[in-house]
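Everything below belongs to upload15.cif, which stores mmCIF, C-alpha atoms.
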```cif
data_entry
loop_
_atom_site.group_PDB
_atom_site.id
_atom_site.type_symbol
_atom_site.label_atom_id
_atom_site.label_comp_id
_atom_site.auth_asym_id
_atom_site.auth_seq_id
_atom_site.Cartn_x
_atom_site.Cartn_y
_atom_site.Cartn_z
ATOM 1 C CA MET A 98 -118.316 56.865 63.850
ATOM 2 C CA SER A 99 -118.038 54.844 60.681
ATOM 3 C CA TYR A 100 -115.174 54.281 58.340
ATOM 4 C CA THR A 101 -115.157 53.305 54.650
ATOM 5 C CA ASN A 102 -112.462 52.090 52.170
ATOM 6 C CA TYR A 103 -113.700 54.049 49.331
ATOM 7 C CA PRO A 104 -111.991 57.240 48.606
ATOM 8 C CA SER A 105 -113.768 60.324 48.857
ATOM 9 C CA THR A 106 -114.629 61.897 45.612
ATOM 10 C CA GLY A 107 -113.551 65.075 46.903
ATOM 11 C CA SER A 108 -109.961 64.067 47.870
ATOM 12 C CA ALA A 109 -106.855 65.313 45.927
ATOM 13 C CA PRO A 110 -104.934 62.818 43.564
ATOM 14 C CA GLN A 111 -101.666 61.157 44.919
ATOM 15 C CA PRO A 112 -98.293 61.618 42.972
ATOM 16 C CA GLU A 113 -96.713 58.522 41.019
ATOM 17 C CA ALA A 114 -93.640 56.851 42.489
ATOM 18 C CA PRO A 115 -90.302 57.585 40.541
ATOM 19 C CA LYS A 116 -89.002 54.824 38.149
ATOM 20 C CA ASP A 117 -85.898 52.692 39.215
ATOM 21 C CA SER A 118 -83.039 53.196 36.523
ATOM 22 C CA ARG A 119 -80.544 50.940 38.190
ATOM 23 C CA LYS A 120 -81.651 47.915 36.218
ATOM 24 C CA LEU A 121 -80.987 49.706 32.996
ATOM 25 C CA ILE A 122 -77.566 50.740 34.183
ATOM 26 C CA TYR A 123 -76.834 47.221 35.312
ATOM 27 C CA GLY A 124 -77.975 45.891 31.975
ATOM 28 C CA ILE A 125 -75.774 48.338 30.113
ATOM 29 C CA LEU A 126 -72.815 47.498 32.326
ATOM 30 C CA ILE A 127 -73.376 43.779 31.919
ATOM 31 C CA ALA A 128 -73.703 44.185 28.140
ATOM 32 C CA ALA A 129 -70.508 46.253 28.082
ATOM 33 C CA LEU A 130 -68.730 43.684 30.199
ATOM 34 C CA LEU A 131 -69.905 40.861 28.003
ATOM 35 C CA GLY A 132 -68.760 42.816 24.974
ATOM 36 C CA THR A 133 -65.394 43.433 26.559
ATOM 37 C CA TRP A 134 -65.020 39.743 27.420
ATOM 38 C CA GLY A 135 -66.052 38.803 23.949
ATOM 39 C CA TYR A 136 -63.508 41.184 22.488
ATOM 40 C CA ILE A 137 -60.852 39.879 24.835
ATOM 41 C CA VAL A 138 -61.717 36.296 23.894
ATOM 42 C CA TYR A 139 -61.778 37.222 20.218
ATOM 43 C CA ASP A 140 -58.523 39.158 20.491
ATOM 44 C CA LYS A 141 -56.890 36.294 22.373
ATOM 45 C CA SER A 142 -58.130 33.898 19.739
ATOM 46 C CA LYS A 143 -56.684 36.120 17.040
ATOM 47 C CA SER A 144 -53.385 36.423 18.960
ATOM 48 C CA THR A 145 -53.234 32.662 19.401
ATOM 49 C CA GLU A 146 -53.907 32.177 15.723
ATOM 50 C CA THR A 147 -51.204 34.727 14.869
ATOM 51 C CA ILE A 148 -48.752 33.047 17.228
ATOM 52 C CA THR A 149 -49.627 29.669 15.738
ATOM 53 C CA GLN A 150 -49.115 31.057 12.264
ATOM 54 C CA LEU A 151 -45.795 32.602 13.310
ATOM 55 C CA GLN A 152 -44.732 29.355 14.957
ATOM 56 C CA THR A 153 -45.706 27.472 11.830
ATOM 57 C CA GLN A 154 -43.799 29.944 9.677
ATOM 58 C CA TYR A 155 -40.769 29.725 11.992
ATOM 59 C CA SER A 156 -41.023 25.954 11.987
ATOM 60 C CA ASN A 157 -41.198 25.954 8.185
ATOM 61 C CA VAL A 158 -38.256 28.333 7.967
ATOM 62 C CA ASP A 159 -36.300 26.312 10.489
ATOM 63 C CA SER A 160 -37.151 23.096 8.631
ATOM 64 C CA ALA A 161 -36.099 24.668 5.340
ATOM 65 C CA ARG A 162 -32.938 25.942 7.006
ATOM 66 C CA ASN A 163 -32.232 22.434 8.334
ATOM 67 C CA ILE A 164 -32.789 20.982 4.883
ATOM 68 C CA VAL A 165 -30.397 23.528 3.391
ATOM 69 C CA GLN A 166 -27.873 22.778 6.165
ATOM 70 C CA GLN A 167 -28.257 19.049 5.495
ATOM 71 C CA GLU A 168 -27.702 19.597 1.780
ATOM 72 C CA TYR A 169 -24.600 21.608 2.630
ATOM 73 C CA ASN A 170 -23.336 18.937 5.032
ATOM 74 C CA GLU A 171 -23.864 16.243 2.397
ATOM 75 C CA ALA A 172 -21.946 18.340 -0.126
ATOM 76 C CA LEU A 173 -19.117 18.746 2.411
ATOM 77 C CA ALA A 174 -19.145 14.998 3.090
ATOM 78 C CA ARG A 175 -18.814 14.282 -0.631
ATOM 79 C CA MET A 176 -15.987 16.794 -0.833
ATOM 80 C CA ASP A 177 -14.186 15.280 2.166
ATOM 81 C CA SER A 178 -14.613 11.825 0.683
ATOM 82 C CA LEU A 179 -13.072 12.907 -2.602
ATOM 83 C CA THR A 180 -10.111 14.710 -1.075
ATOM 84 C CA GLY A 181 -9.620 12.069 1.619
ATOM 85 C CA THR A 182 -9.451 9.064 -0.720
ATOM 86 C CA ASN A 183 -7.519 10.869 -3.399
ATOM 87 C CA THR A 184 -4.792 12.593 -1.404
ATOM 88 C CA GLN A 185 -2.282 11.806 -4.118
ATOM 89 C CA LEU A 186 -4.394 13.810 -6.584
ATOM 90 C CA GLN A 187 -4.677 16.986 -4.491
ATOM 91 C CA GLY A 188 -1.673 18.585 -6.152
ATOM 92 C CA GLN A 189 -3.198 18.149 -9.593
ATOM 93 C CA LEU A 190 -6.663 19.300 -8.399
ATOM 94 C CA GLY A 191 -5.524 22.270 -6.317
ATOM 95 C CA GLU A 192 -7.023 24.949 -8.576
ATOM 96 C CA ARG A 193 -10.412 23.205 -8.719
ATOM 97 C CA LYS A 194 -10.419 22.733 -4.968
ATOM 98 C CA ALA A 195 -9.661 26.428 -4.419
ATOM 99 C CA GLU A 196 -12.871 27.335 -6.312
ATOM 100 C CA ILE A 197 -14.850 24.902 -4.145
ATOM 101 C CA ASP A 198 -13.351 26.293 -0.935
ATOM 102 C CA LYS A 199 -14.434 29.798 -1.998
ATOM 103 C CA ILE A 200 -18.063 28.693 -2.483
ATOM 104 C CA LYS A 201 -17.947 26.805 0.843
ATOM 105 C CA SER A 202 -16.861 29.996 2.592
ATOM 106 C CA GLN A 203 -19.723 31.974 1.009
ATOM 107 C CA ILE A 204 -22.283 29.337 2.005
ATOM 108 C CA LYS A 205 -20.942 29.229 5.547
ATOM 109 C CA GLU A 206 -21.238 33.038 5.866
ATOM 110 C CA GLU A 207 -24.794 33.007 4.533
ATOM 111 C CA LEU A 208 -25.914 30.227 6.872
ATOM 112 C CA ALA A 209 -24.419 32.117 9.805
ATOM 113 C CA LYS A 210 -26.791 35.047 9.198
ATOM 114 C CA LYS A 211 -29.946 35.204 11.343
ATOM 115 C CA ASN A 212 -32.116 36.056 8.363
ATOM 116 C CA SER A 213 -30.187 34.092 5.755
ATOM 117 C CA ASP A 214 -31.471 33.965 2.205
ATOM 118 C CA LEU A 215 -32.134 30.238 1.901
ATOM 119 C CA SER A 216 -32.896 30.527 -1.792
ATOM 120 C CA LYS A 217 -29.520 32.130 -2.385
ATOM 121 C CA THR A 218 -27.850 29.589 -0.138
ATOM 122 C CA ARG A 219 -29.509 26.687 -1.948
ATOM 123 C CA ASN A 220 -28.372 28.169 -5.262
ATOM 124 C CA MET A 221 -24.798 28.326 -3.963
ATOM 125 C CA ILE A 222 -25.074 24.731 -2.722
ATOM 126 C CA GLY A 223 -26.154 23.789 -6.236
ATOM 127 C CA GLN A 224 -23.034 25.504 -7.562
ATOM 128 C CA LEU A 225 -20.981 23.657 -4.931
ATOM 129 C CA ASN A 226 -22.418 20.292 -5.996
ATOM 130 C CA GLY A 227 -21.725 21.200 -9.588
ATOM 131 C CA LYS A 228 -18.099 21.960 -8.761
ATOM 132 C CA ILE A 229 -17.866 18.733 -6.763
ATOM 133 C CA ASN A 230 -19.308 16.785 -9.693
ATOM 134 C CA ASP A 231 -16.722 18.374 -11.979
ATOM 135 C CA LEU A 232 -14.049 17.465 -9.445
ATOM 136 C CA LEU A 233 -15.371 13.917 -9.272
ATOM 137 C CA THR A 234 -15.265 13.665 -13.053
ATOM 138 C CA GLN A 235 -11.711 14.950 -13.115
ATOM 139 C CA ILE A 236 -10.706 12.560 -10.333
ATOM 140 C CA GLU A 237 -12.279 9.609 -12.152
ATOM 141 C CA GLN A 238 -10.392 10.640 -15.276
ATOM 142 C CA LEU A 239 -7.142 10.875 -13.348
ATOM 143 C CA LYS A 240 -7.857 7.548 -11.645
ATOM 144 C CA ALA A 241 -8.447 5.962 -15.040
ATOM 145 C CA GLU A 242 -5.171 7.423 -16.275
ATOM 146 C CA ASN A 243 -3.428 6.191 -13.130
ATOM 147 C CA GLN A 244 -4.969 2.758 -13.607
ATOM 148 C CA GLN A 245 -3.683 2.730 -17.160
ATOM 149 C CA LEU A 246 -0.266 3.768 -15.897
ATOM 150 C CA THR A 247 -0.438 1.061 -13.238
ATOM 151 C CA THR A 248 -1.344 -1.528 -15.862
ATOM 152 C CA THR A 249 1.472 -0.284 -18.094
ATOM 153 C CA ASN A 250 3.887 -0.358 -15.163
ATOM 154 C CA GLN A 251 2.786 -3.904 -14.346
ATOM 155 C CA GLN A 252 3.365 -4.910 -17.955
ATOM 156 C CA ILE A 253 6.765 -3.222 -17.912
ATOM 157 C CA THR A 254 7.567 -4.916 -14.599
ATOM 158 C CA THR A 255 6.488 -8.276 -16.002
ATOM 159 C CA GLU A 256 8.561 -7.713 -19.121
ATOM 160 C CA ARG A 257 11.487 -6.573 -16.981
ATOM 161 C CA ASP A 258 11.179 -9.662 -14.784
ATOM 162 C CA THR A 259 10.932 -11.848 -17.877
ATOM 163 C CA ILE A 260 13.984 -10.195 -19.380
ATOM 164 C CA SER A 261 15.771 -10.483 -16.028
ATOM 165 C CA SER A 262 14.898 -14.184 -15.873
ATOM 166 C CA GLN A 263 16.003 -14.652 -19.450
ATOM 167 C CA LYS A 264 19.176 -12.740 -18.671
ATOM 168 C CA LYS A 265 19.867 -15.014 -15.723
ATOM 169 C CA VAL A 266 19.269 -18.049 -17.901
ATOM 170 C CA VAL A 267 21.566 -16.608 -20.565
ATOM 171 C CA GLU A 268 24.186 -15.731 -17.942
ATOM 172 C CA GLN A 269 23.895 -19.176 -16.395
ATOM 173 C CA THR A 270 24.075 -20.769 -19.820
ATOM 174 C CA LEU A 271 27.038 -18.555 -20.684
ATOM 175 C CA ALA A 272 28.729 -19.426 -17.403
ATOM 176 C CA THR A 273 28.081 -23.111 -18.031
ATOM 177 C CA THR A 274 29.305 -22.707 -21.586
ATOM 178 C CA GLN A 275 32.411 -20.914 -20.363
ATOM 179 C CA VAL A 276 33.037 -23.662 -17.822
ATOM 180 C CA GLU A 277 32.528 -26.276 -20.494
ATOM 181 C CA LYS A 278 34.674 -24.279 -22.874
ATOM 182 C CA ALA A 279 37.383 -23.986 -20.238
ATOM 183 C CA HIS A 280 37.098 -27.715 -19.600
ATOM 184 C CA VAL A 281 37.288 -28.457 -23.331
ATOM 185 C CA GLU A 282 40.254 -26.124 -23.696
ATOM 186 C CA ASP A 283 41.842 -27.667 -20.638
ATOM 187 C CA VAL A 284 41.405 -31.164 -22.023
ATOM 188 C CA ALA A 285 42.326 -30.070 -25.511
ATOM 189 C CA SER A 286 45.468 -28.377 -24.231
ATOM 190 C CA THR A 287 46.635 -31.624 -22.643
ATOM 191 C CA LEU A 288 49.548 -32.984 -24.579
ATOM 192 C CA HIS A 289 49.619 -36.405 -26.197
ATOM 193 C CA ALA A 290 52.552 -38.806 -26.298
ATOM 194 C CA SER A 291 53.184 -40.982 -29.349
ATOM 195 C CA ASN A 292 55.988 -43.265 -30.594
ATOM 196 C CA ILE A 293 56.573 -44.472 -27.038
ATOM 197 C CA ASN A 294 59.627 -46.669 -26.869
ATOM 198 C CA ILE A 295 61.251 -48.328 -23.840
ATOM 199 C CA THR A 296 64.705 -49.771 -24.299
ATOM 200 C CA GLY A 297 66.837 -51.707 -21.847
ATOM 201 C CA ILE A 298 70.419 -50.407 -21.989
ATOM 202 C CA ASP A 299 73.505 -52.378 -21.071
ATOM 203 C CA VAL A 300 76.295 -49.912 -20.304
ATOM 204 C CA LYS A 301 79.776 -51.373 -20.794
ATOM 205 C CA GLY A 302 82.777 -50.429 -18.734
ATOM 206 C CA SER A 303 84.055 -48.406 -21.650
ATOM 207 C CA GLY A 304 80.835 -46.439 -21.640
ATOM 208 C CA LYS A 305 79.550 -48.119 -24.752
ATOM 209 C CA GLU A 306 75.825 -48.790 -24.687
ATOM 210 C CA LYS A 307 74.008 -51.820 -26.001
ATOM 211 C CA SER A 308 70.300 -52.593 -25.983
ATOM 212 C CA THR A 309 69.263 -55.787 -24.227
ATOM 213 C CA THR A 310 66.156 -57.593 -22.944
ATOM 214 C CA THR A 311 68.021 -59.645 -20.345
ATOM 215 C CA ALA A 312 67.125 -58.474 -16.880
ATOM 216 C CA LYS A 313 70.521 -58.980 -15.309
ATOM 217 C CA ARG A 314 72.263 -57.028 -18.053
ATOM 218 C CA VAL A 315 69.972 -53.984 -18.063
ATOM 219 C CA ASP A 316 71.524 -51.007 -16.320
ATOM 220 C CA VAL A 317 68.854 -48.369 -17.217
ATOM 221 C CA PHE A 318 65.586 -48.042 -19.020
ATOM 222 C CA ARG A 319 65.678 -45.423 -21.731
ATOM 223 C CA VAL A 320 62.184 -44.035 -22.278
ATOM 224 C CA SER A 321 61.611 -42.011 -25.448
ATOM 225 C CA PHE A 322 58.453 -40.573 -27.048
ATOM 226 C CA ASP A 323 57.159 -37.598 -28.976
ATOM 227 C CA LEU A 324 54.799 -34.888 -27.686
ATOM 228 C CA ASP A 325 52.511 -34.297 -30.651
ATOM 229 C CA GLU A 326 51.644 -30.902 -32.115
ATOM 230 C CA ASN A 327 49.012 -29.021 -30.090
ATOM 231 C CA ARG A 328 47.706 -25.628 -31.215
ATOM 232 C CA ILE A 329 45.841 -24.983 -27.975
ATOM 233 C CA ALA A 330 48.470 -25.794 -25.362
ATOM 234 C CA PRO A 331 50.512 -22.653 -24.678
ATOM 235 C CA SER A 332 54.261 -22.714 -24.992
ATOM 236 C CA GLY A 333 56.268 -23.088 -21.817
ATOM 237 C CA SER A 334 57.456 -25.500 -19.223
ATOM 238 C CA LYS A 335 55.418 -28.701 -18.834
ATOM 239 C CA GLU A 336 55.578 -31.226 -16.020
ATOM 240 C CA LEU A 337 55.465 -34.905 -16.972
ATOM 241 C CA TYR A 338 54.909 -37.513 -14.292
ATOM 242 C CA VAL A 339 56.268 -41.016 -14.989
ATOM 243 C CA CYS A 340 54.814 -43.975 -13.091
ATOM 244 C CA VAL A 341 56.787 -47.245 -13.259
ATOM 245 C CA TYR A 342 55.217 -50.517 -12.111
ATOM 246 C CA SER A 343 57.251 -53.624 -11.321
ATOM 247 C CA PRO A 344 56.304 -57.049 -12.691
ATOM 248 C CA ASP A 345 54.236 -57.680 -9.552
ATOM 249 C CA GLY A 346 52.132 -54.571 -10.406
ATOM 250 C CA LYS A 347 53.320 -52.401 -7.552
ATOM 251 C CA PRO A 348 54.466 -48.820 -8.186
ATOM 252 C CA ILE A 349 58.183 -48.274 -7.877
ATOM 253 C CA THR A 350 59.233 -45.235 -5.889
ATOM 254 C CA ILE A 351 62.717 -43.831 -5.571
ATOM 255 C CA PRO A 352 62.700 -41.235 -2.778
ATOM 256 C CA SER A 353 66.302 -40.300 -3.508
ATOM 257 C CA ASN A 354 65.233 -39.318 -7.025
ATOM 258 C CA GLY A 355 62.243 -37.234 -5.840
ATOM 259 C CA SER A 356 59.374 -39.725 -6.126
ATOM 260 C CA GLY A 357 56.056 -38.536 -4.653
ATOM 261 C CA THR A 358 52.327 -38.230 -5.371
ATOM 262 C CA PHE A 359 50.190 -36.092 -7.700
ATOM 263 C CA GLN A 360 46.494 -35.673 -8.513
ATOM 264 C CA THR A 361 44.946 -37.254 -11.569
ATOM 265 C CA ARG A 362 41.635 -36.161 -13.119
ATOM 266 C CA ASP A 363 40.120 -39.638 -13.104
ATOM 267 C CA ASP A 364 41.839 -41.696 -10.391
ATOM 268 C CA GLY A 365 42.577 -39.169 -7.673
ATOM 269 C CA GLY A 366 45.972 -39.307 -5.960
ATOM 270 C CA LYS A 367 48.664 -41.387 -7.593
ATOM 271 C CA VAL A 368 52.303 -42.251 -6.846
ATOM 272 C CA PHE A 369 54.827 -41.161 -9.424
ATOM 273 C CA THR A 370 58.288 -42.628 -9.851
ATOM 274 C CA ASN A 371 59.948 -39.748 -11.650
ATOM 275 C CA LYS A 372 59.052 -36.192 -12.735
ATOM 276 C CA VAL A 373 60.387 -34.769 -15.981
ATOM 277 C CA ASP A 374 60.241 -31.052 -16.853
ATOM 278 C CA ILE A 375 60.297 -30.182 -20.543
ATOM 279 C CA ASN A 376 60.051 -26.953 -22.520
ATOM 280 C CA TYR A 377 57.174 -27.197 -24.997
ATOM 281 C CA GLU A 378 56.605 -24.977 -28.020
ATOM 282 C CA GLN A 379 53.002 -24.549 -29.142
ATOM 283 C CA GLY A 380 52.064 -26.332 -32.361
ATOM 284 C CA LYS A 381 55.342 -28.205 -32.696
ATOM 285 C CA ARG A 382 56.265 -31.852 -32.172
ATOM 286 C CA THR A 383 58.658 -32.200 -29.279
ATOM 287 C CA PRO A 384 60.849 -35.311 -28.755
ATOM 288 C CA VAL A 385 61.396 -36.399 -25.144
ATOM 289 C CA SER A 386 63.919 -38.899 -23.839
ATOM 290 C CA PHE A 387 65.053 -39.752 -20.320
ATOM 291 C CA ASP A 388 66.776 -42.638 -18.521
ATOM 292 C CA TRP A 389 65.405 -44.331 -15.496
ATOM 293 C CA LYS A 390 67.383 -46.581 -13.209
ATOM 294 C CA PRO A 391 65.941 -48.590 -10.318
ATOM 295 C CA GLU A 392 67.233 -48.166 -6.798
ATOM 296 C CA GLY A 393 69.990 -50.727 -6.302
ATOM 297 C CA GLY A 394 70.463 -50.985 -10.061
ATOM 298 C CA LYS A 395 68.811 -54.373 -10.419
ATOM 299 C CA TYR A 396 65.845 -55.317 -12.571
ATOM 300 C CA GLN A 397 63.580 -58.297 -12.082
ATOM 301 C CA THR A 398 62.387 -60.436 -14.916
ATOM 302 C CA GLY A 399 58.872 -59.838 -16.172
ATOM 303 C CA ASP A 400 56.830 -57.003 -17.606
ATOM 304 C CA TYR A 401 57.507 -53.418 -16.549
ATOM 305 C CA LYS A 402 54.726 -50.931 -17.229
ATOM 306 C CA ILE A 403 55.409 -47.238 -17.649
ATOM 307 C CA GLU A 404 52.610 -44.562 -17.654
ATOM 308 C CA ILE A 405 53.156 -40.926 -18.605
ATOM 309 C CA TYR A 406 50.841 -38.156 -17.155
ATOM 310 C CA GLN A 407 50.485 -34.488 -17.984
ATOM 311 C CA ASN A 408 47.837 -32.003 -16.760
ATOM 312 C CA GLY A 409 46.303 -34.774 -14.629
ATOM 313 C CA TYR A 410 45.607 -36.998 -17.623
ATOM 314 C CA LYS A 411 47.458 -40.091 -18.819
ATOM 315 C CA ILE A 412 48.943 -39.176 -22.175
ATOM 316 C CA GLY A 413 50.665 -42.430 -22.984
ATOM 317 C CA GLU A 414 51.963 -45.748 -21.706
ATOM 318 C CA GLY A 415 54.354 -48.539 -22.693
ATOM 319 C CA THR A 416 55.549 -51.957 -21.542
ATOM 320 C CA LYS A 417 58.985 -53.491 -21.473
ATOM 321 C CA SER A 418 59.558 -57.203 -20.878
ATOM 322 C CA LEU A 419 62.796 -58.449 -19.368
ATOM 323 C CA LYS A 420 63.739 -62.063 -19.428
ATOM 324 C CA LYS A 421 66.302 -64.287 -17.820
ATOM 325 C CA GLY A 422 69.586 -64.639 -19.548
ATOM 326 C CA GLY A 423 70.258 -67.725 -21.724
ATOM 327 C CA LEU A 424 73.242 -69.992 -21.675
ATOM 328 C CA PHE A 425 75.404 -67.281 -23.202
ATOM 329 C CA GLY A 426 73.366 -64.432 -21.876
#
```
Starting from the coordinates I provided, produce the structure as structure tokens.
Amino acid sequence: MSYTNYPSTGSAPQPEAPKDSRKLIYGILIAALLGTWGYIVYDKSKSTETITQLQTQYSNVDSARNIVQQEYNEALARMDSLTGTNTQLQGQLGERKAEIDKIKSQIKEELAKKNSDLSKTRNMIGQLNGKINDLLTQIEQLKAENQQLTTTNQQITTERDTISSQKKVVEQTLATTQVEKAHVEDVASTLHASNINITGIDVKGSGKEKSTTTAKRVDVFRVSFDLDENRIAPSGSKELYVCVYSPDGKPITIPSNGSGTFQTRDDGGKVFTNKVDINYEQGKRTPVSFDWKPEGGKYQTGDYKIEIYQNGYKIGEGTKSLKKGGLFG
């Protein structure tokens, strides 16, 4: 039996195998998937771009908001500086400050809004700065006026001090003048003695008196003088101090007759022998006479000096010489 690989011409034809559609389906699915991924990537890219744009817009808005806030803060700082350094002017600027406070309140409300109108806010800040500038101008004007007042006050103070100093000088000069005047009047009111005469008196047993220069015969010294006219010395009682010096130059004191000490203007304390009180009438010559007798009633020979004082000044003096008696003395 033999076999062959050639088909028989008489055999029936074989059917074709069915086509495989899975590849097409896979291709479509892959294409759809790729499309979906592409869309997702594209959509994500668009979303990212949108987010970036929104972030940029928010950043710009936030930056603009910060700028507006900074402008507002600077305006507030200027305002605080003006009102802080010019507290004394607040009373005069109260009305202007009230307008500024109103705008500040409006700006603060607008900035507090989530979706604040920055353009409107910036416009209000401009108004605020304008008001602050007006306030600054008014303050500068008031400061200039105050400076002028300060300068004027300083000038007035200087003039017052000058006048006060001049017044003190005038008062001091017046006081000095019054002291000098009082001194001149005091000196001028001191009386002056003229026509001084000292006579030794010999008193006889009969009471008859006789002048003598013999020491052993003199019983008393009779001192006489005139107080000259003085239109300054007031009328009234005057004290006259009489100082008697013996021939040896020593002052003679008579305690039993009230001798003592008094103050002179030039020589300090001085011993007086006798004090005489007289009644003086202003502007009239007044004669004075008194007797002086030594203690024990005896006179030495030599020169006796008599000084007369009034008001602390020496107003006159005289000398009397007594001699020894002669053969018939």
One decimal, Å: what's the distance from CA of Tyr401 in chain A over to CA of Ser286 in chain A, could you say?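 Rounded to one decimal, the two atoms are 28.8 Å apart.
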Running the PyMOL selection byres ((chain A and resi 198-210) around 8) on this model by hand, what would come out? Give it as a ChimeraX atom specification. /A:166,194-197,211-215,218,221-222,224-225
Would you kindly translate the PyMOL selection byres ((chain A and resi 330-332) around 10) into the concrete residues it picks from this file, as a list in words? Glu282, Asp283, Val284, Ala285, Ser286, Thr287, Leu288, Glu326, Asn327, Arg328, Ile329, Gly333, Ser334, Lys335, Asn376, Tyr377, Glu378, Gln379, Gly380 and Lys381 of chain A
For each of A:Thr248, A:Gly393, A:Gln263, A:Arg219, take the minimum atom-to-atom distance to Gln167 in chain A, counting all atoms listed in the file, then give the residue where this is smallest.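 When distances to Gln167 in chain A are compared using all atoms listed in the file, the smallest one comes from A:Arg219.
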In Å, with one decimal, what is the gap from CA of Lys347 in chain A to CA of Val368 in chain A?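 It comes out at 10.2 Å.
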Could you name the residues that touch range 291-293 of chain A at 9 Å or less, counting only C-alpha atoms, but leaving out those on the same chain fewer than 6 positions away, as a PyMOL selection string? chain A and resi 320-325+412-415
Separating CA of Lys421 in chain A from CA of Ala312 in chain A, to the nearest tenth of an Å, is a gap of 5.9 Å
Using only C-alpha atoms, which protein or nucleic acid residues come within 10 Å of range 226-231 of chain A? Drop anything in the same chain fewer than 5 positions from it, and give the result as a list of chain:residue names. A:Glu168, A:Tyr169, A:Glu171, A:Ala172, A:Leu173, A:Arg175, A:Met176, A:Leu179, A:Arg193, A:Lys194, A:Glu196, A:Ile197, A:Ile200, A:Asn220, A:Met221, A:Ile236, A:Glu237
Compare A:Tyr342, A:Trp389, A:Trp134, A:Tyr139 by their minimum atom-to-atom distance to Asn354 in chain A, counting all atoms listed in the file, and give me the closest one.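 Under the stated criterion, the closest residue is A:Trp389.
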Residues selected by the PyMOL selection byres ((chain A and resi 388) around 6), written as a CSV table (one decimal) with C-alpha atoms, in the coordinates of the input:
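Generated output (part_34.csv):
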```csv
chain,number,residue,atom,x,y,z
A,318,PHE,CA,65.6,-48.0,-19.0
A,319,ARG,CA,65.7,-45.4,-21.7
A,387,PHE,CA,65.1,-39.8,-20.3
A,389,TRP,CA,65.4,-44.3,-15.5
```
Using only C-alpha atoms for the distances, tell me which of A:Thr370, A:Val339, A:Lys264, A:Asp345 is nearest to Glu404 in chain A.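 Closest residue, counting only C-alpha atoms: A:Val339.
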Please produce range 283-297 of chain A, completed to N, CA and C atoms, as a short mmCIF file (atom, residue, chain, number, x, y, z; two decimals), in the frame of the given file.
```
data_model
loop_
_atom_site.label_atom_id
_atom_site.label_comp_id
_atom_site.auth_asym_id
_atom_site.auth_seq_id
_atom_site.Cartn_x
_atom_site.Cartn_y
_atom_site.Cartn_z
N ASP A 283 40.90 -27.03 -21.55
CA ASP A 283 41.84 -27.67 -20.64
C ASP A 283 42.20 -29.07 -21.13
N VAL A 284 41.15 -29.81 -21.52
CA VAL A 284 41.40 -31.16 -22.02
C VAL A 284 42.16 -31.10 -23.34
N ALA A 285 41.70 -30.16 -24.19
CA ALA A 285 42.33 -30.07 -25.51
C ALA A 285 43.78 -29.61 -25.43
N SER A 286 44.09 -28.86 -24.36
CA SER A 286 45.47 -28.38 -24.23
C SER A 286 46.39 -29.43 -23.63
N THR A 287 45.79 -30.55 -23.19
CA THR A 287 46.64 -31.62 -22.64
C THR A 287 47.42 -32.26 -23.79
N LEU A 288 48.67 -32.43 -23.53
CA LEU A 288 49.55 -32.98 -24.58
C LEU A 288 49.30 -34.48 -24.77
N HIS A 289 49.76 -34.98 -25.89
CA HIS A 289 49.62 -36.40 -26.20
C HIS A 289 50.98 -36.97 -26.60
N ALA A 290 51.26 -38.15 -26.01
CA ALA A 290 52.55 -38.81 -26.30
C ALA A 290 52.35 -39.91 -27.34
N SER A 291 53.22 -39.93 -28.32
CA SER A 291 53.18 -40.98 -29.35
C SER A 291 54.60 -41.54 -29.56
N ASN A 292 54.68 -42.62 -30.32
CA ASN A 292 55.99 -43.26 -30.59
C ASN A 292 56.72 -43.62 -29.31
N ILE A 293 55.96 -44.13 -28.33
CA ILE A 293 56.57 -44.47 -27.04
C ILE A 293 57.47 -45.70 -27.23
N ASN A 294 58.66 -45.58 -26.73
CA ASN A 294 59.63 -46.67 -26.87
C ASN A 294 60.39 -46.81 -25.56
N ILE A 295 60.52 -48.06 -25.07
CA ILE A 295 61.25 -48.33 -23.84
C ILE A 295 62.35 -49.33 -24.19
N THR A 296 63.55 -48.92 -23.93
CA THR A 296 64.70 -49.77 -24.30
C THR A 296 65.56 -50.05 -23.08
N GLY A 297 65.90 -51.34 -22.90
CA GLY A 297 66.84 -51.71 -21.85
C GLY A 297 68.25 -51.47 -22.33
#
```
